[in-house]
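Trainee: Below is the file data_25.txt, which contains compact mmCIF, C-alpha atoms and all ligand atoms.
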```txt
# COMPACT_ATOMS: atom_id res chain seq x y z
CA MET A 13 64.73 45.79 116.89
CA LYS A 14 61.33 47.02 118.11
CA ASP A 15 60.39 43.45 119.05
CA THR A 16 63.46 43.01 121.24
CA ARG A 17 62.40 41.61 124.61
CA ILE A 18 64.13 43.79 127.19
CA SER A 19 64.41 43.01 130.91
CA ILE A 20 65.58 45.59 133.43
CA ILE A 21 66.76 44.44 136.86
CA GLY A 22 66.27 47.12 139.52
CA GLY A 23 63.57 49.76 139.82
CA GLY A 24 65.68 52.60 141.26
CA ILE A 25 66.26 55.95 139.57
CA GLY A 26 68.52 54.33 136.94
CA GLY A 27 66.21 51.41 136.13
CA LEU A 28 63.05 53.51 135.90
CA THR A 29 64.71 56.14 133.70
CA ALA A 30 66.08 53.39 131.45
CA ALA A 31 62.57 51.95 131.17
CA LEU A 32 61.08 55.33 130.32
CA SER A 33 63.79 56.03 127.76
CA LEU A 34 63.33 52.69 125.99
CA GLN A 35 59.54 53.12 126.04
CA HIS A 36 59.98 56.59 124.58
CA PHE A 37 61.83 55.08 121.61
CA GLY A 38 59.12 52.47 121.08
CA PHE A 39 60.47 49.46 123.00
CA ARG A 40 58.64 47.29 125.51
CA VAL A 41 60.37 46.55 128.78
CA SER A 42 59.82 44.45 131.91
CA ILE A 43 61.28 45.79 135.16
CA PHE A 44 62.09 43.36 137.97
CA GLU A 45 62.44 44.92 141.41
CA GLN A 46 63.27 43.05 144.60
CA ALA A 47 61.19 45.28 146.90
CA ARG A 48 57.51 44.82 147.76
CA GLU A 49 56.69 48.27 146.45
CA LEU A 50 58.29 50.80 144.13
CA ARG A 51 59.78 53.45 146.36
CA GLU A 52 62.88 55.48 147.26
CA ILE A 53 64.46 56.34 150.60
CA GLY A 54 63.51 59.63 152.28
CA ALA A 55 66.41 61.84 151.26
CA GLY A 56 67.37 64.53 148.79
CA VAL A 57 69.20 64.32 145.50
CA VAL A 58 70.64 67.17 143.47
CA ILE A 59 69.63 66.99 139.83
CA SER A 60 71.94 69.17 137.75
CA PRO A 61 71.31 70.52 134.22
CA ASN A 62 73.02 67.56 132.51
CA ALA A 63 70.42 65.18 133.95
CA MET A 64 67.55 67.69 133.67
CA HIS A 65 68.11 67.69 129.89
CA ALA A 66 67.25 63.97 129.93
CA LEU A 67 64.25 64.36 132.25
CA ASN A 68 62.93 67.19 130.08
CA PHE A 69 63.44 65.12 126.93
CA LEU A 70 61.51 62.24 128.53
CA GLY A 71 58.66 64.50 129.61
CA VAL A 72 59.07 64.36 133.40
CA GLY A 73 61.35 67.37 134.00
CA GLY A 74 58.47 69.79 134.48
CA ARG A 75 56.89 67.74 137.25
CA VAL A 76 60.22 67.19 139.00
CA ALA A 77 60.97 70.92 138.91
CA GLN A 78 57.47 71.75 140.14
CA ASP A 79 57.71 69.35 143.10
CA ALA A 80 61.15 70.67 144.06
CA GLY A 81 60.38 74.38 144.11
CA PRO A 82 62.87 77.15 143.51
CA THR A 83 66.53 76.33 143.57
CA GLU A 84 68.86 78.02 146.05
CA LEU A 85 72.12 79.90 146.17
CA TYR A 86 74.85 77.35 147.01
CA VAL A 87 77.55 78.38 149.47
CA VAL A 88 80.60 76.64 150.89
CA ARG A 89 81.23 77.60 154.53
CA HIS A 90 84.29 77.19 156.72
CA PHE A 91 83.63 74.61 159.41
CA GLN A 92 84.93 76.67 162.36
CA THR A 93 84.17 80.27 161.48
CA GLY A 94 81.08 79.66 159.38
CA ALA A 95 82.52 82.20 156.91
CA VAL A 96 81.36 81.85 153.32
CA ILE A 97 84.25 80.64 151.15
CA THR A 98 82.54 80.39 147.76
CA THR A 99 79.09 80.92 146.29
CA ARG A 100 77.38 79.57 143.18
CA TRP A 101 74.18 80.89 141.66
CA THR A 102 72.32 77.73 140.79
CA GLY A 103 69.09 79.41 139.63
CA PRO A 104 68.50 81.34 136.37
CA ASP A 105 72.26 81.75 135.95
CA TYR A 106 72.69 77.98 135.51
CA PHE A 107 69.72 77.81 133.19
CA ASP A 108 71.24 80.47 130.95
CA ARG A 109 74.62 78.79 130.94
CA PHE A 110 73.66 75.14 130.60
CA GLY A 111 70.24 75.27 128.92
CA ALA A 112 68.44 73.39 131.70
CA SER A 113 67.64 74.05 135.34
CA TYR A 114 69.20 72.72 138.56
CA HIS A 115 67.12 71.32 141.41
CA GLN A 116 67.27 69.90 144.91
CA VAL A 117 64.74 67.10 144.72
CA HIS A 118 63.16 64.68 147.18
CA ARG A 119 64.10 61.23 145.91
CA ALA A 120 60.55 59.97 146.31
CA ASP A 121 59.28 62.77 144.05
CA LEU A 122 61.74 61.98 141.26
CA HIS A 123 61.13 58.27 141.61
CA GLY A 124 57.37 58.81 141.74
CA ALA A 125 57.38 60.94 138.57
CA LEU A 126 59.35 58.26 136.71
CA ALA A 127 57.15 55.44 138.02
CA ALA A 128 53.94 57.26 137.05
CA ALA A 129 55.26 57.87 133.53
CA ILE A 130 56.33 54.28 132.83
CA LEU A 131 53.13 52.84 134.29
CA ARG A 132 51.08 55.23 132.14
CA ASN A 133 52.89 53.81 129.11
CA ASP A 134 52.49 50.20 130.25
CA PRO A 135 50.60 49.39 133.47
CA ASP A 136 52.03 45.85 133.58
CA CYS A 137 55.71 46.60 133.09
CA VAL A 138 56.83 46.40 136.76
CA LEU A 139 57.21 43.06 138.56
CA LEU A 140 57.76 43.48 142.29
CA GLU A 141 59.19 40.94 144.75
CA HIS A 142 61.54 39.65 142.08
CA ARG A 143 64.98 39.48 143.65
CA PHE A 144 67.41 38.63 140.85
CA GLU A 145 69.78 35.79 141.71
CA THR A 146 71.51 34.53 138.60
CA LEU A 147 71.43 34.34 134.83
CA THR A 148 72.37 32.14 131.90
CA GLN A 149 72.76 33.31 128.33
CA ASP A 150 73.31 31.67 124.96
CA ALA A 151 73.03 32.59 121.29
CA LYS A 152 69.25 32.92 121.52
CA ARG A 153 68.33 34.46 124.87
CA VAL A 154 69.19 35.40 128.42
CA VAL A 155 67.31 33.79 131.29
CA ALA A 156 67.13 35.48 134.70
CA THR A 157 66.34 33.47 137.83
CA PHE A 158 64.76 35.11 140.86
CA ALA A 159 64.67 34.27 144.55
CA ASN A 160 60.92 33.62 144.33
CA GLY A 161 61.68 30.63 142.10
CA LYS A 162 60.52 32.28 138.87
CA THR A 163 62.56 32.59 135.69
CA HIS A 164 62.21 35.05 132.84
CA ALA A 165 63.66 34.82 129.31
CA SER A 166 64.40 37.86 127.18
CA ASP A 167 66.66 38.96 124.32
CA VAL A 168 68.63 41.40 126.48
CA LEU A 169 68.95 42.28 130.14
CA ILE A 170 70.01 45.57 131.70
CA GLY A 171 71.46 45.49 135.21
CA CYS A 172 70.32 48.57 137.15
CA ASP A 173 70.67 46.90 140.54
CA GLY A 174 72.88 49.46 142.25
CA GLY A 175 76.35 49.53 143.77
CA ALA A 176 76.23 45.99 145.15
CA SER A 177 75.08 44.70 141.75
CA ARG A 178 74.38 40.99 141.58
CA ILE A 179 74.30 41.25 137.78
CA ARG A 180 77.86 42.55 137.86
CA ALA A 181 78.96 39.60 139.96
CA CYS A 182 77.28 37.22 137.48
CA LEU A 183 79.04 38.86 134.52
CA PHE A 184 82.49 39.54 135.90
CA GLY A 185 82.81 37.54 139.13
CA ASP A 186 82.83 38.81 142.70
CA GLU A 187 85.08 41.88 142.57
CA VAL A 188 86.41 43.81 145.52
CA VAL A 189 84.05 46.56 146.67
CA ASN A 190 86.20 49.11 148.47
CA TYR A 191 85.14 50.68 151.72
CA THR A 192 86.21 54.24 150.92
CA GLY A 193 87.12 55.20 154.48
CA GLN A 194 84.08 57.52 154.47
CA MET A 195 80.80 57.18 156.26
CA ALA A 196 77.60 59.07 155.62
CA PHE A 197 74.76 60.16 157.90
CA ARG A 198 71.46 61.39 156.52
CA ALA A 199 68.30 62.88 157.95
CA LEU A 200 65.33 64.99 156.92
CA VAL A 201 64.44 67.81 159.31
CA PRO A 202 60.99 69.51 159.14
CA MET A 203 61.60 73.14 158.29
CA ALA A 204 59.83 74.34 161.45
CA SER A 205 62.65 72.71 163.50
CA VAL A 206 65.54 74.15 161.47
CA PRO A 207 67.42 76.86 163.41
CA PRO A 208 66.97 80.35 161.86
CA SER A 209 70.76 80.82 161.68
CA ILE A 210 70.91 78.06 159.04
CA MET A 211 68.28 79.75 156.88
CA LYS A 212 70.63 82.62 156.06
CA TYR A 213 72.22 80.13 153.63
CA PRO A 214 69.73 77.28 153.24
CA TYR A 215 71.91 75.40 150.70
CA ALA A 216 75.37 75.07 152.21
CA MET A 217 78.30 72.73 152.45
CA HIS A 218 80.30 73.22 155.67
CA VAL A 219 83.79 71.90 154.95
CA GLY A 220 86.25 70.87 157.62
CA VAL A 221 89.15 68.58 158.40
CA ASN A 222 88.08 65.11 157.26
CA ARG A 223 84.41 66.04 157.47
CA ALA A 224 81.74 67.85 155.48
CA LEU A 225 78.14 68.71 156.31
CA LEU A 226 75.69 69.47 153.51
CA HIS A 227 72.14 70.75 153.82
CA TYR A 228 69.53 71.93 151.35
CA PRO A 229 65.75 72.47 151.39
CA LEU A 230 63.33 70.22 149.54
CA ARG A 231 59.70 70.49 148.48
CA HIS A 232 59.36 74.27 148.44
CA ARG A 233 61.39 74.72 151.61
CA THR A 234 59.16 72.50 153.74
CA VAL A 235 61.88 70.07 154.76
CA MET A 236 65.68 70.25 155.12
CA ASN A 237 67.88 67.45 153.78
CA VAL A 238 70.98 66.96 155.95
CA VAL A 239 73.98 64.84 154.93
CA CYS A 240 77.18 64.43 156.95
CA LEU A 241 80.20 62.84 155.28
CA ALA A 242 83.06 61.93 157.59
CA ARG A 243 86.24 59.89 157.37
CA GLU A 244 86.07 56.80 159.55
CA PRO A 245 88.77 54.22 158.89
CA GLN A 246 87.25 51.56 161.15
CA TRP A 247 83.78 51.14 159.61
CA GLN A 248 82.62 47.50 159.75
CA ASP A 249 78.82 47.37 159.57
CA GLU A 250 77.00 46.50 156.38
CA GLY A 251 73.79 48.16 155.27
CA TRP A 252 72.36 51.49 154.18
CA THR A 253 69.86 52.27 156.88
CA ILE A 254 71.60 51.66 160.17
CA PRO A 255 70.11 53.94 162.84
CA ALA A 256 72.55 56.51 164.27
CA THR A 257 72.33 58.77 167.30
CA ILE A 258 72.43 62.56 167.34
CA ASP A 259 75.16 62.44 170.01
CA GLU A 260 77.35 60.34 167.77
CA VAL A 261 77.26 62.95 164.98
CA ALA A 262 77.47 65.88 167.38
CA ARG A 263 80.66 64.36 168.83
CA LEU A 264 82.17 63.86 165.37
CA TYR A 265 81.39 67.47 164.42
CA ALA A 266 82.09 68.99 167.86
CA ASP A 267 84.56 71.58 166.51
CA PHE A 268 82.13 72.82 163.83
CA HIS A 269 80.50 76.26 163.84
CA PRO A 270 77.46 76.67 166.19
CA ASP A 271 75.10 76.96 163.17
CA ALA A 272 76.08 73.48 162.00
CA LEU A 273 75.86 72.01 165.51
CA GLU A 274 72.44 73.56 166.05
CA LEU A 275 71.23 71.88 162.88
CA ILE A 276 72.58 68.50 164.02
CA ARG A 277 70.80 68.97 167.37
CA ALA A 278 67.56 69.75 165.49
CA ILE A 279 67.45 66.24 163.98
CA GLU A 280 64.68 64.23 165.56
CA PRO A 281 65.93 61.06 167.31
CA GLY A 282 65.08 57.97 165.28
CA THR A 283 65.32 59.80 161.93
CA LEU A 284 69.10 59.68 161.52
CA PHE A 285 70.69 56.87 159.50
CA LYS A 286 74.28 56.01 158.64
CA TRP A 287 76.17 53.79 156.24
CA GLY A 288 79.68 53.15 154.99
CA LEU A 289 80.42 54.47 151.49
CA ARG A 290 81.80 51.96 149.03
CA ASP A 291 83.04 52.28 145.48
CA ARG A 292 84.84 50.18 142.90
CA GLU A 293 87.63 50.69 140.45
CA PRO A 294 86.38 51.96 137.07
CA SER A 295 85.23 49.03 134.95
CA PRO A 296 86.85 48.41 131.54
CA GLN A 297 83.62 46.79 130.37
CA TYR A 298 79.91 47.26 131.12
CA THR A 299 78.57 44.61 128.73
CA LYS A 300 78.89 40.88 128.28
CA GLY A 301 76.89 39.27 125.50
CA ARG A 302 73.20 40.02 125.99
CA VAL A 303 73.66 41.83 129.29
CA THR A 304 74.81 45.35 130.12
CA MET A 305 74.83 47.54 133.24
CA LEU A 306 73.78 51.08 133.99
CA GLY A 307 74.00 53.59 136.87
CA ASP A 308 75.68 52.49 140.11
CA ALA A 309 75.87 48.89 138.88
CA ALA A 310 78.24 50.05 136.12
CA HIS A 311 80.06 52.91 137.86
CA PRO A 312 79.42 53.23 141.61
CA MET A 313 80.97 56.34 143.11
CA THR A 314 81.15 58.33 146.31
CA PRO A 315 78.61 61.18 146.60
CA PHE A 316 81.13 64.04 146.68
CA LEU A 317 80.37 65.23 143.13
CA GLY A 318 76.61 64.76 143.60
CA GLN A 319 76.46 63.03 140.22
CA GLY A 320 75.70 59.30 140.70
CA ALA A 321 71.97 59.59 140.01
CA CYS A 322 72.56 62.21 137.30
CA LEU A 323 74.93 59.84 135.51
CA ALA A 324 72.41 56.99 135.77
CA ILE A 325 69.83 59.28 134.14
CA GLU A 326 72.30 60.22 131.39
CA ASP A 327 73.11 56.52 130.83
CA ALA A 328 69.42 55.77 130.48
CA LEU A 329 68.76 58.31 127.75
CA VAL A 330 71.89 57.37 125.80
CA LEU A 331 70.90 53.68 126.04
CA GLY A 332 67.47 54.46 124.57
CA ARG A 333 69.02 56.51 121.79
CA ALA A 334 71.48 53.71 121.07
CA PHE A 335 68.65 51.18 120.73
CA ALA A 336 66.80 53.55 118.41
CA ALA A 337 69.90 54.03 116.23
CA ALA A 338 71.16 50.44 116.06
CA SER A 339 70.18 47.51 113.90
CA SER A 340 71.01 44.87 116.53
CA PHE A 341 71.15 44.72 120.30
CA ALA A 342 74.91 44.09 120.11
CA GLU A 343 75.36 47.30 118.15
CA ALA A 344 73.12 49.18 120.59
CA PHE A 345 75.15 47.98 123.60
CA ALA A 346 78.43 48.87 121.87
CA ILE A 347 77.17 52.39 121.03
CA TYR A 348 75.94 52.82 124.61
CA GLU A 349 79.15 51.67 126.22
CA ASN A 350 81.41 53.60 123.82
CA THR A 351 79.42 56.77 124.38
CA ARG A 352 79.24 56.52 128.17
CA LYS A 353 82.30 54.82 129.60
CA ALA A 354 84.89 57.59 129.53
CA ARG A 355 82.54 60.12 131.12
CA ALA A 356 81.10 57.87 133.81
CA ASN A 357 84.39 56.20 134.75
CA GLY A 358 86.09 59.61 134.81
CA ALA A 359 83.44 60.82 137.26
CA GLN A 360 84.19 57.87 139.58
CA LEU A 361 87.80 59.03 139.88
CA ALA A 362 86.89 62.73 140.05
CA SER A 363 84.55 61.96 142.92
CA ARG A 364 87.41 60.50 144.95
CA GLN A 365 89.54 63.60 144.31
CA GLN A 366 86.65 65.81 145.27
CA ALA A 367 86.48 64.14 148.70
CA ASP A 368 90.13 64.92 149.35
CA GLU A 369 89.70 68.54 148.32
CA LEU A 370 86.48 69.17 150.22
CA GLN A 371 87.66 67.59 153.44
CA GLY A 372 91.16 69.07 153.20
CA VAL A 373 90.29 72.30 154.98
CA THR A 374 92.81 73.19 157.66
CA GLU A 375 92.41 75.46 160.62
CA ARG A 376 94.54 78.10 158.90
CA GLY A 377 92.85 78.22 155.56
CA ALA A 378 90.30 76.66 153.31
CA ASN A 379 90.38 74.63 150.16
CA PRO A 380 86.78 74.16 149.10
CA GLY A 381 88.01 72.22 146.12
CA ALA A 382 86.67 71.87 142.65
CA HIS A 383 82.94 71.54 142.04
CA ALA A 384 81.06 69.29 139.64
CA GLU A 385 80.36 72.40 137.58
CA SER A 386 84.03 73.34 137.24
CA ARG A 387 84.85 69.75 136.32
CA GLY A 388 82.62 70.16 133.26
CA MET A 389 79.91 67.82 134.51
CA TYR A 390 77.05 70.18 133.62
CA ASP A 391 78.22 70.86 130.05
CA TYR A 392 76.93 67.49 128.85
CA ASN A 393 73.55 67.00 127.19
CA PRO A 394 72.63 63.30 126.90
CA ALA A 395 69.82 64.16 124.46
CA THR A 396 72.23 65.60 121.91
CA VAL A 397 75.68 64.19 122.68
CA PRO A 398 76.95 62.44 119.52
CA LEU A 399 76.63 58.67 119.81
CA ALA A 400 79.98 56.92 119.52
CA LEU A 401 79.99 54.50 116.62
CA ALA A 402 79.94 50.84 117.55
CA ARG A 403 83.08 48.87 116.86
CA ARG A 404 81.89 45.92 114.79
CA ASP A 405 84.20 43.57 116.69
CA SER A 406 82.76 44.47 120.10
C1 LIG A 501 74.73 60.42 150.70
C2 LIG A 501 74.50 60.34 149.21
C3 LIG A 501 74.11 61.47 148.53
C4 LIG A 501 73.96 61.45 147.14
N1 LIG A 501 73.61 62.59 146.49
C5 LIG A 501 73.50 62.59 145.15
C6 LIG A 501 73.13 63.79 144.45
O1 LIG A 501 72.91 64.85 145.06
N2 LIG A 501 73.04 63.74 143.09
C7 LIG A 501 73.26 62.58 142.39
O2 LIG A 501 73.17 62.60 141.15
N3 LIG A 501 73.59 61.42 143.03
C8 LIG A 501 73.71 61.40 144.38
N4 LIG A 501 74.03 60.24 145.02
C9 LIG A 501 74.21 59.00 144.24
C10 LIG A 501 72.88 58.34 143.89
O3 LIG A 501 72.11 58.14 145.06
C11 LIG A 501 73.11 56.98 143.20
O4 LIG A 501 74.12 57.11 142.24
C12 LIG A 501 71.81 56.52 142.52
O5 LIG A 501 70.81 56.27 143.48
C13 LIG A 501 72.06 55.25 141.68
O6 LIG A 501 70.87 54.82 141.13
P1 LIG A 501 70.72 53.33 140.60
O7 LIG A 501 69.32 53.23 140.07
O8 LIG A 501 71.85 53.00 139.69
O9 LIG A 501 70.91 52.39 141.87
P2 LIG A 501 70.03 52.30 143.21
O10 LIG A 501 69.46 53.60 143.57
O11 LIG A 501 70.88 51.59 144.19
O12 LIG A 501 68.81 51.36 142.79
C14 LIG A 501 68.98 49.97 142.62
C15 LIG A 501 67.60 49.30 142.57
O13 LIG A 501 67.80 47.92 142.28
C16 LIG A 501 67.10 47.13 143.23
N5 LIG A 501 67.86 45.88 143.36
C17 LIG A 501 69.09 45.72 143.91
N6 LIG A 501 69.46 44.44 143.84
C18 LIG A 501 68.45 43.77 143.23
C19 LIG A 501 68.25 42.41 142.86
N7 LIG A 501 69.16 41.47 143.13
N8 LIG A 501 67.10 42.06 142.22
C20 LIG A 501 66.16 43.00 141.95
N9 LIG A 501 66.29 44.31 142.28
C21 LIG A 501 67.43 44.69 142.90
C22 LIG A 501 67.07 47.97 144.49
O14 LIG A 501 66.04 47.57 145.36
C23 LIG A 501 66.87 49.37 143.92
O15 LIG A 501 65.52 49.63 143.68
C24 LIG A 501 74.18 60.23 146.41
C25 LIG A 501 74.54 59.08 147.09
C26 LIG A 501 74.71 59.12 148.48
C27 LIG A 501 75.13 57.87 149.18
```
Give the structure from the file, written as structure tokens.
Ligand SMILES: Cc1cc2nc3c(=O)[nH]c(=O)nc-3n(C[C@H](O)[C@H](O)[C@H](O)COP(=O)(O)OP(=O)(O)OC[C@H]3O[C@@H](n4cnc5c(N)ncnc54)[C@H](O)[C@@H]3O)c2cc1C
Mentor:
Amino acid sequence: MKDTRISIIGGGIGGLTAALSLQHFGFRVSIFEQARELREIGAGVVISPNAMHALNFLGVGGRVAQDAGPTELYVVRHFQTGAVITTRWTGPDYFDRFGASYHQVHRADLHGALAAAILRNDPDCVLLEHRFETLTQDAKRVVATFANGKTHASDVLIGCDGGASRIRACLFGDEVVNYTGQMAFRALVPMASVPPSIMKYPYAMHVGVNRALLHYPLRHRTVMNVVCLAREPQWQDEGWTIPATIDEVARLYADFHPDALELIRAIEPGTLFKWGLRDREPSPQYTKGRVTMLGDAAHPMTPFLGQGACLAIEDALVLGRAFAAASSFAEAFAIYENTRKARANGAQLASRQQADELQGVTERGANPGAHAESRGMYDYNPATVPLALARRDS
């Protein structure tokens, strides 16, 4: 098994964590990334204890926590009155309850910590400007073909190429990717520009009819991550980084509390981006022959649970453990898929429900809805969860 040639397609959070996990268990990997450089978009990501267990196990948790700074009290606020509806203590309380900490992290910091770790293990393991196009597989190997004209043969291939996964299309055909009827806006606001009224509750979700606005500080409170999630049935544009205007968001959130509107007005023009959120139906199968999928490629979901990246990190550690425990790649893939599918596919559906509950606030009352914590998401430890035995026929 230790000589298995492993290719990973996609150098996002999922692909890099998978690489680190497999390296940790003594495997060599090659990562193929379409971009010219290894990097992440400028935005925040919440890393909850379930994923921190994996990052700690893989030796990068300390750096991620250090870069993030102290965690914050989380509050849900009513969109019109600004009144606090619920609070959650995400600091030492979470650590005591779940055995690992909870952090609001700049994506570039998490990605950078993972990249530094894998490159320390193997300086040649990342191949940039390799846009995967197609694959063939037979009894002996899988061959990936890239847009730059190169091909690469390996024993197994792991598709970590995100929600619009090309690997997935190669394995299972072009499936329908649903536009969820939700659009997202994101921006980073330097802390000096954030209105003082917001700093009373720096980590808050303002919930309103068909809309939510989330903000939390990053990098030791030097920058504020702002995410607006709004229902928009008519969305047509493709792409993740379409520029948006402040007026456009301010109009959509016009009936929100002055604190929220002040924050929207504090966003610097040119730093606001929007995109339409898409997801897929849960997949009955992640693996075909010598190829499997991980992270958003396997189970893309809306961001309402704040768990997509956390689940990719969990997948990655379980995949490494499965390879370490198995005597063949087929057994490793079966263990991985059997261990992960129910949890990750369940989260896809829970994330849809969460959207309905969070954006179901009426003018008369509030329904802040369930939280990832109360849905049991944080009770999982991918470093110790029992591996599901492989079915020999799979
Ligand atoms: C607004 C918003 C907020 C979110 N907040 C959170 C949060 O707080 N917590 C959380 O856990 N999750 C959150 N998520 C979800 C999280 O961002 C994703 O689940 C996570 O980024 C998935 O990681 P991934 O590595 O599977 O895919 P991606 O991050 O999409 O990475 C895919 C990689 O593959 C590369 N690639 C794609 N196609 C090819 C190809 N053909 N050939 C080669 N390379 C390719 C890409 O360039 C990229 O590097 C949020 C999502 C959104 C939209």
Trainee: Mind listing the residues within 7 Å of ligand LIG 501 (chain A), all atoms listed in the file counted, as a PyMOL selection string?
Mentor: chain A and resi 21-27+44-47+56-59+142-145+172-175+177-178+196+198+239+289+306-309+312-315+318-324
Trainee: Within 7 Å of (67.0, 61.3, 135.2), all atoms listed in the file: residues as a VMD selection string?
Mentor: chain A and resid 25 29 63 to 64 66 to 67 322 324 to 326
Trainee: Okay, now the selection with C-alpha atoms, as a PDB file, in the coordinates of the input?
Mentor:
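Okay, selection36.pdb is ready:
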```
ATOM      1  CA  ILE A  25      66.260  55.950 139.570  1.00  0.00           C
ATOM      2  CA  THR A  29      64.710  56.140 133.700  1.00  0.00           C
ATOM      3  CA  ALA A  63      70.420  65.180 133.950  1.00  0.00           C
ATOM      4  CA  MET A  64      67.550  67.690 133.670  1.00  0.00           C
ATOM      5  CA  ALA A  66      67.250  63.970 129.930  1.00  0.00           C
ATOM      6  CA  LEU A  67      64.250  64.360 132.250  1.00  0.00           C
ATOM      7  CA  CYS A 322      72.560  62.210 137.300  1.00  0.00           C
ATOM      8  CA  ALA A 324      72.410  56.990 135.770  1.00  0.00           C
ATOM      9  CA  ILE A 325      69.830  59.280 134.140  1.00  0.00           C
ATOM     10  CA  GLU A 326      72.300  60.220 131.390  1.00  0.00           C
TER      11      GLU A 326
END
```
Trainee: Could you please determine the separation between atom CA of A:Ser19 and atom CA of A:Met389 in Å, to one decimal place?
Mentor: 29.5 Å
Trainee: Grab the atom CA of A:Ala112 to atom CA of A:Ser60 distance for me, in Å with one decimal place.
Mentor: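 That distance, rounded to one decimal, is 8.2 Å.
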Trainee: Can you list, as a PDB file with C-alpha atoms, in the frame of the given file, every protein, DNA or RNA residue that comes within 9 Å of A:Lys300 when you count all atoms listed in the file, leaving out same-chain residues fewer than 3 positions away?
Mentor:
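Contents of out-v7.pdb, as written:
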```
ATOM      1  CA  LEU A 183      79.040  38.860 134.520  1.00  0.00           C
ATOM      2  CA  PHE A 184      82.490  39.540 135.900  1.00  0.00           C
ATOM      3  CA  GLN A 297      83.620  46.790 130.370  1.00  0.00           C
ATOM      4  CA  VAL A 303      73.660  41.830 129.290  1.00  0.00           C
ATOM      5  CA  THR A 304      74.810  45.350 130.120  1.00  0.00           C
TER       6      THR A 304
END
```
Trainee: So that all listed atoms of stretch 288-299 of chain A fit with 5 Å spare on each side, what axis-aligned box centre and edge lengths in Å, to one decimal, would you give as AutoDock Vina command-line options?
Mentor:
```
--center_x 83.1 --center_y 49.5 --center_z 141.9 --size_x 19.1 --size_y 19.9 --size_z 36.3
```
Trainee: Can I get the residues of stretch 138-222 of chain A within 12 Å of stretch 255-266 of chain A, each with the closest pair of atoms and their distance in Å to one decimal, using only C-alpha atoms, sorted chain first then ascending number, as a Markdown table?
Mentor:
```
| residue | atom | partner | partner_atom | distance |
| --- | --- | --- | --- | --- |
| A:Met195 | CA | A:Val261 | CA | 11.0 |
| A:Ala196 | CA | A:Val261 | CA | 10.1 |
| A:Phe197 | CA | A:Ala256 | CA | 7.7 |
| A:Arg198 | CA | A:Ala256 | CA | 9.2 |
| A:Ala199 | CA | A:Ala256 | CA | 9.9 |
| A:His218 | CA | A:Tyr265 | CA | 10.5 |
| A:Val219 | CA | A:Tyr265 | CA | 10.7 |
| A:Gly220 | CA | A:Tyr265 | CA | 9.0 |
| A:Val221 | CA | A:Tyr265 | CA | 9.9 |
| A:Asn222 | CA | A:Tyr265 | CA | 10.1 |
```
Trainee: Rounded to one decimal, what separation in Å do you get between atom CA of A:Leu275 and atom CA of A:His227?
Mentor: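 Straight-line distance from atom CA of A:Leu275 to atom CA of A:His227 works out to 9.2 Å.
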Trainee: Name the closest residue to A:Leu70 among the candidates A:Gln35, A:Asn190, A:Thr102, A:Ser340; distances are taken between atoms, counting only C-alpha atoms.
Mentor: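 Between A:Gln35, A:Asn190, A:Thr102, A:Ser340, the residue approaching A:Leu70 most closely is A:Gln35.
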Trainee: If we count all atoms listed in the file and set the cut-off at 8 Å, which residues sit around stretch 74-77 of chain A, ignoring sequence neighbours fewer than 3 positions away in its own chain? Please answer as a PyMOL selection string.
Mentor: chain A and resi 68+71+80-82+115+117+121-122+125
Trainee: Taking C-alpha atoms for each residue, export the selection above as a PDB file, in the frame of the given file.
Mentor:
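This is the output file out_30.pdb:
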```
ATOM      1  CA  ASN A  68      62.930  67.190 130.080  1.00  0.00           C
ATOM      2  CA  GLY A  71      58.660  64.500 129.610  1.00  0.00           C
ATOM      3  CA  ALA A  80      61.150  70.670 144.060  1.00  0.00           C
ATOM      4  CA  GLY A  81      60.380  74.380 144.110  1.00  0.00           C
ATOM      5  CA  PRO A  82      62.870  77.150 143.510  1.00  0.00           C
ATOM      6  CA  HIS A 115      67.120  71.320 141.410  1.00  0.00           C
ATOM      7  CA  VAL A 117      64.740  67.100 144.720  1.00  0.00           C
ATOM      8  CA  ASP A 121      59.280  62.770 144.050  1.00  0.00           C
ATOM      9  CA  LEU A 122      61.740  61.980 141.260  1.00  0.00           C
ATOM     10  CA  ALA A 125      57.380  60.940 138.570  1.00  0.00           C
TER      11      ALA A 125
END
```
Trainee: Considering all atoms listed in the file, state which residue in the set A:Leu241, A:Thr234, A:Ala216, A:Ile254 is at the smallest distance from A:Val96.
Mentor: A:Ala216
Trainee: Nearest to A:Gly288: which of A:Gln194, A:Gln116, A:Thr253, A:Asn133 is it, counting all atoms listed in the file?
Mentor: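 Closest to A:Gly288, using all atoms listed in the file: A:Gln194.
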Trainee: Restricting the calculation to all atoms listed in the file, which member of A:Gly358, A:Ala395, A:Thr16, A:Thr83 is positioned closest to A:Arg100?
Mentor: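 Between A:Gly358, A:Ala395, A:Thr16, A:Thr83, the residue approaching A:Arg100 most closely is A:Thr83.
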